[in-house]
Amino acid sequence: MQQIILTVNGEKVEALAEPRTHLGDFLREQQRLTGTHLGCEHGVCGACTVLIDGQPARSCISYAVACEGREVRTIEGFGDDAVMNELRAAFNKYHALQCGFCTPGMLIAARDLVLRVPDADEKRIRVEMSGNLCRCTGYMGIVRAVKSVIDARRAVNDPQIEAAPAAAPAAFTPFQAAAPAAPPAVPPTVPPTAAASAAPAPAAPAAAPAAKKPGTVIEDEFTVDHPLARVWEIFADMPAVAACLPGAEISEHTPTSLKGRITTKFGPMRAAFAGTAALERDEAVKSGAIRGNGTDSLSGSRARGDISYRLHDAGGGRTRVTVAIDYSLQGPLAQFSRGGLVKEFVKKMVADFAANLNARLGAPAGSAAAAAPAAQVDAGGFFWTWLWGRIKSLFGAK
Amino acid sequence: MKAAAFEYVRPADLAGAVKALAGMPGEAKPLGGGQSLGPMLNLRLARPKLLVDVSRLESMRAIEDRGSLWRIGGAVTHSAIEDASLPGGEPLSSVARGIAYRTIRNRGTIGGSLAHADPAADWPLALPALGAEVVIAGPGGERRVTAATFMHGAFATALAEDELVVAVEVPKLSAGARWGYWKFCRKTGEFPEASAAVLLDAQRKVARLWVGALNGAPQPMEALAADLAQRGGLAASEDAVSRALERVAPDLDPAQRRLHITAVRRAVQQATE
């Protein structure tokens, strides 16, 4: 608990708050100001909007301790505020609320808009109010209500308000651009891993996934500098395979199943999926599958992933491995799984698995493969833990 | 939807913030406006042991005119940039205006957004296109990296665990410079599905074209940008953009490709018409 002093609706409040208590909870539970509504509690819906130092903000993702010394104003604090009175009347007149849950947030956002953009037209009103969701979908009434207040104020206060005509930009004149001082140092989308020659050709299909479940499938391939028989052998050695997957630990295993955990870290996100997997191997065609399910107990996210692989003799004592990864994720982590991110992570994961595998098998002396993985491991483990993490944590729930 | 327990400190100065971060490597996170970190905390996807609030550090809250460039403190909010008058830095205000919603912009910070490094975020796209530099502070003092090299991938940056973004420095545009910026968002304020930024500054001989909302960090299209400078919008034919995109983002699915190509062409159109 930390002692905080702040102003709420004009009154000084001295209180104890846990750092993790967000402002919305602080207002509702400790100050009994229940006019601030909590909808999504992760900054999406706008229902919890309050003013902090006069500016609208989402109280669910502002922590009370971070508001120390600030002036907070909730829907209860507008009394006979002129704009708020006009908005209340307009919300009434234009039927701008049905269930009323979004209304406190709508009113506070609308008041800010009326004062900040006094010449807003309907389009601007819609854009400005787009951060407040009405689950009754009563937007027509809300927009009309806000517009009526803006129009009325313009008529009375300042008929001269006109959008300043934008200065016409000068016509574009061609020119010769100076060459960039240095080649772009931006790392390529997929870091090339010395040992894993990412083939430009589409990956050959690996072993077919079993029963089709909803998920996303990514296919990839890599080449290992060792003969097929040796690679086939190590793929049966689950502790060895797990050792090549950053963050993976196996607690129990049999030839056909395993129990374990994958710890992931990705930017600020962390998850530890504990679960089981079934293992399949088809000696005749040198293909296999690892079909797993896991739960991150802390976030309550569930992941499913099937990794199917097939080994091909690439000649010269090398083995080409094709993989198909079919995955899905449900729960809070899925909310951060914009599909575009997935491919990169899976490809990185595959490339790094390949690099680790080569290193473990003993890369030929002098090859870059021998050095590359170790260098990355030394980079602090951060990189490693999120690689495999993302295959689990970004599984799109599609 | 309540965050897991964490400790919270608000150091009085930058040195104190760096020290607090360095004191718990891997367990401490700098907190700006908390508009990206907050949701992750509430969903318990992020569980840092310590949050180091840097949002009130005076040295990081200023917008300064430094002659040839604008220096924007890392803790400056998007809405402060939106509302500022920045001659030669107009794109900063227009980009800020397009970030999420006003409620988010009132608290979210430019340094926080950069450090968070969401591939679809606005600053990681706009700042490289504007040729900005990122000023980073850590236990070893200050260092700088170009915005073009700051972001390494999705949620991965040049920052060490005990470093933070103290400012970005954005070169001013010449009078006749042309800027184009386009993003496709499914809903206003959401993260875009495709985005692009173009800068054509004849006086400084600068031509940059960046594409964002990719699988990883935004990427430059340098050859196409040089061609744009010479030939104007004609250079950004469907085919030319498609080829340039294929080089920097070969993994897009057909729908994403379509959106990205169109975002690039619309940004180019803004900058050249």
# chains A, B, ... in the order shown; residues from 1 in each chain; ligands from 1

$ select_by_dssp --residues "region 33-205 of chain B" --states "strand (DSSP E)" --output "PyMOL selection string"
chain B and resi 50-53+63-65+69-73+133-138+141-146+151-153+156-157+164-171+178-184+194-201

$ interface_residues --of "chain B" --to "chain A" --cutoff "7 Å" --atoms "only C-alpha atoms" --output "NGL selection string"
:B and (1 or 3-8 or 34-35 or 38-40 or 42-47 or 101 or 103-104 or 106-107 or 148-149 or 152 or 155-156 or 176 or 188 or 202 or 205-207 or 214-216 or 226 or 229-232 or 272-273)

$ select_by_dssp --residues "region 57-261 of chain B" --states "helix (DSSP H, G or I)" --output "PDB file with C-alpha atoms, in the first residue's frame"
ATOM      1  CA  GLU B  58      10.900  17.268 -16.326  1.00  0.00           C
ATOM      2  CA  SER B  59      13.878  16.600 -18.593  1.00  0.00           C
ATOM      3  CA  MET B  60      11.706  14.276 -20.656  1.00  0.00           C
ATOM      4  CA  HIS B  78       0.741  12.330 -28.153  1.00  0.00           C
ATOM      5  CA  SER B  79      -1.891  14.971 -27.485  1.00  0.00           C
ATOM      6  CA  ALA B  80       0.768  17.541 -26.533  1.00  0.00           C
ATOM      7  CA  ILE B  81       2.387  16.881 -29.924  1.00  0.00           C
ATOM      8  CA  GLU B  82      -1.027  16.982 -31.606  1.00  0.00           C
ATOM      9  CA  ASP B  83      -1.763  20.405 -30.100  1.00  0.00           C
ATOM     10  CA  GLU B  90       4.034  19.480 -39.003  1.00  0.00           C
ATOM     11  CA  PRO B  91       3.952  15.769 -39.749  1.00  0.00           C
ATOM     12  CA  LEU B  92       4.553  15.097 -36.053  1.00  0.00           C
ATOM     13  CA  SER B  93       1.286  16.806 -35.151  1.00  0.00           C
ATOM     14  CA  SER B  94      -0.699  15.158 -37.900  1.00  0.00           C
ATOM     15  CA  VAL B  95       0.640  11.710 -37.046  1.00  0.00           C
ATOM     16  CA  ALA B  96      -0.084  12.294 -33.350  1.00  0.00           C
ATOM     17  CA  ARG B  97      -3.649  13.274 -34.175  1.00  0.00           C
ATOM     18  CA  ARG B 102      -7.861  11.442 -27.513  1.00  0.00           C
ATOM     19  CA  THR B 103      -8.171   9.700 -24.135  1.00  0.00           C
ATOM     20  CA  ILE B 104      -5.209   7.496 -25.063  1.00  0.00           C
ATOM     21  CA  ARG B 105      -3.255  10.390 -26.554  1.00  0.00           C
ATOM     22  CA  ILE B 110       6.131   9.154 -27.737  1.00  0.00           C
ATOM     23  CA  GLY B 111       8.999   7.457 -25.905  1.00  0.00           C
ATOM     24  CA  GLY B 112       6.706   4.808 -24.497  1.00  0.00           C
ATOM     25  CA  SER B 113       5.237   4.047 -27.890  1.00  0.00           C
ATOM     26  CA  LEU B 114       8.687   3.708 -29.443  1.00  0.00           C
ATOM     27  CA  ALA B 115       9.965   1.521 -26.629  1.00  0.00           C
ATOM     28  CA  HIS B 116       6.881  -0.669 -26.755  1.00  0.00           C
ATOM     29  CA  TRP B 123       5.822   6.501 -34.260  1.00  0.00           C
ATOM     30  CA  PRO B 124       7.959   3.490 -35.260  1.00  0.00           C
ATOM     31  CA  LEU B 125       6.866   4.208 -38.839  1.00  0.00           C
ATOM     32  CA  ALA B 126       6.766   8.005 -38.910  1.00  0.00           C
ATOM     33  CA  LEU B 127      10.022   8.717 -37.070  1.00  0.00           C
ATOM     34  CA  PRO B 128      12.312   6.735 -39.390  1.00  0.00           C
ATOM     35  CA  ALA B 129      10.574   8.338 -42.352  1.00  0.00           C
ATOM     36  CA  ALA B 147      14.980   5.769 -35.542  1.00  0.00           C
ATOM     37  CA  ALA B 148      15.596   3.627 -38.624  1.00  0.00           C
ATOM     38  CA  THR B 149      17.642   1.162 -36.591  1.00  0.00           C
ATOM     39  CA  PHE B 150      15.937   1.509 -33.218  1.00  0.00           C
ATOM     40  CA  GLU B 222      14.862   3.224 -50.696  1.00  0.00           C
ATOM     41  CA  ALA B 223      15.099   2.634 -54.424  1.00  0.00           C
ATOM     42  CA  LEU B 224      11.452   3.438 -54.888  1.00  0.00           C
ATOM     43  CA  ALA B 225      11.829   6.589 -52.793  1.00  0.00           C
ATOM     44  CA  ALA B 226      14.720   7.818 -54.961  1.00  0.00           C
ATOM     45  CA  ASP B 227      12.672   7.080 -58.043  1.00  0.00           C
ATOM     46  CA  LEU B 228       9.742   8.987 -56.561  1.00  0.00           C
ATOM     47  CA  ALA B 229      11.934  12.013 -56.044  1.00  0.00           C
ATOM     48  CA  GLN B 230      12.936  11.990 -59.691  1.00  0.00           C
ATOM     49  CA  ARG B 231       9.704  11.049 -61.342  1.00  0.00           C
ATOM     50  CA  GLY B 232       7.040  11.947 -58.850  1.00  0.00           C
ATOM     51  CA  GLY B 233       3.959   9.840 -58.297  1.00  0.00           C
ATOM     52  CA  LEU B 234       4.395   8.055 -61.619  1.00  0.00           C
ATOM     53  CA  ALA B 235       7.162   6.027 -60.016  1.00  0.00           C
ATOM     54  CA  GLU B 238       1.102  -0.747 -58.817  1.00  0.00           C
ATOM     55  CA  ASP B 239       3.885  -2.961 -60.178  1.00  0.00           C
ATOM     56  CA  ALA B 240       6.737  -0.911 -58.797  1.00  0.00           C
ATOM     57  CA  VAL B 241       5.216  -0.778 -55.323  1.00  0.00           C
ATOM     58  CA  SER B 242       4.399  -4.466 -55.460  1.00  0.00           C
ATOM     59  CA  ARG B 243       7.999  -5.330 -56.338  1.00  0.00           C
ATOM     60  CA  ALA B 244       9.404  -3.068 -53.645  1.00  0.00           C
ATOM     61  CA  LEU B 245       7.054  -4.582 -51.096  1.00  0.00           C
ATOM     62  CA  GLU B 246       8.004  -8.094 -52.113  1.00  0.00           C
ATOM     63  CA  ARG B 247      11.619  -7.284 -51.257  1.00  0.00           C
ATOM     64  CA  VAL B 248      10.950  -5.994 -47.745  1.00  0.00           C
ATOM     65  CA  PRO B 254      -2.659 -11.559 -50.710  1.00  0.00           C
ATOM     66  CA  ALA B 255      -5.118  -9.427 -48.749  1.00  0.00           C
ATOM     67  CA  GLN B 256      -2.346  -7.838 -46.705  1.00  0.00           C
ATOM     68  CA  ARG B 257      -0.309  -7.198 -49.857  1.00  0.00           C
ATOM     69  CA  ARG B 258      -3.246  -5.435 -51.418  1.00  0.00           C
ATOM     70  CA  LEU B 259      -3.697  -3.218 -48.352  1.00  0.00           C
ATOM     71  CA  HIS B 260      -0.003  -2.396 -48.084  1.00  0.00           C
ATOM     72  CA  ILE B 261       0.376  -1.610 -51.771  1.00  0.00           C
TER      73      ILE B 261
END

$ residues_around --residues "region 5-11 of chain A" --least-positions-apart "4" --cutoff "9 Å" --atoms "only C-alpha atoms" --output "PyMOL selection string"
chain A and resi 15-16+27+31+65+67-78

$ residues_around --residues "region 69-72 of chain B" --least-positions-apart "3" --cutoff "9 Å" --atoms "only C-alpha atoms" --output "PDB file with C-alpha atoms, in the first residue's frame"
ATOM      1  CA  MET B  60      11.706  14.276 -20.656  1.00  0.00           C
ATOM      2  CA  ARG B  61       8.625  16.456 -20.882  1.00  0.00           C
ATOM      3  CA  ALA B  62       9.783  19.318 -23.074  1.00  0.00           C
ATOM      4  CA  ILE B  63       9.300  20.052 -26.743  1.00  0.00           C
ATOM      5  CA  GLU B  64      12.333  22.104 -27.728  1.00  0.00           C
ATOM      6  CA  ASP B  65      13.186  24.024 -30.858  1.00  0.00           C
ATOM      7  CA  ARG B  66      16.845  23.277 -31.472  1.00  0.00           C
ATOM      8  CA  ALA B  75       7.498  11.560 -21.822  1.00  0.00           C
ATOM      9  CA  VAL B  76       5.715  14.069 -24.057  1.00  0.00           C
ATOM     10  CA  ILE B  81       2.387  16.881 -29.924  1.00  0.00           C
ATOM     11  CA  LEU B  86       5.796  22.774 -34.798  1.00  0.00           C
ATOM     12  CA  GLY B  88       9.033  22.221 -39.915  1.00  0.00           C
ATOM     13  CA  GLY B  89       7.629  19.391 -37.822  1.00  0.00           C
ATOM     14  CA  ILE B 110       6.131   9.154 -27.737  1.00  0.00           C
ATOM     15  CA  GLY B 111       8.999   7.457 -25.905  1.00  0.00           C
ATOM     16  CA  VAL B 166      14.652  10.176 -23.141  1.00  0.00           C
ATOM     17  CA  ALA B 167      13.941  12.050 -26.363  1.00  0.00           C
ATOM     18  CA  VAL B 168      13.592  11.906 -30.084  1.00  0.00           C
ATOM     19  CA  GLU B 169      15.192  14.499 -32.327  1.00  0.00           C
ATOM     20  CA  VAL B 170      13.428  15.183 -35.573  1.00  0.00           C
ATOM     21  CA  PRO B 171      15.122  17.222 -38.307  1.00  0.00           C
ATOM     22  CA  LYS B 172      12.958  20.065 -39.525  1.00  0.00           C
ATOM     23  CA  LEU B 173      11.547  19.851 -43.000  1.00  0.00           C
TER      24      LEU B 173
END

$ atom_distance --atom1 "CA of Pro119 (chain B)" --atom2 "CA of Trp182 (chain B)"
15.1 Å

$ closest_residue --among "A:Gly316, A:Gly275, A:Gly35, A:Gly24" --to "Cys102 (chain A)" --atoms "only C-alpha atoms"
A:Gly35

$ closest_residue --among "A:Asp119, A:Pro227, A:Gly39, A:Ala334" --to "Cys134 (chain A)" --atoms "only C-alpha atoms"
A:Gly39
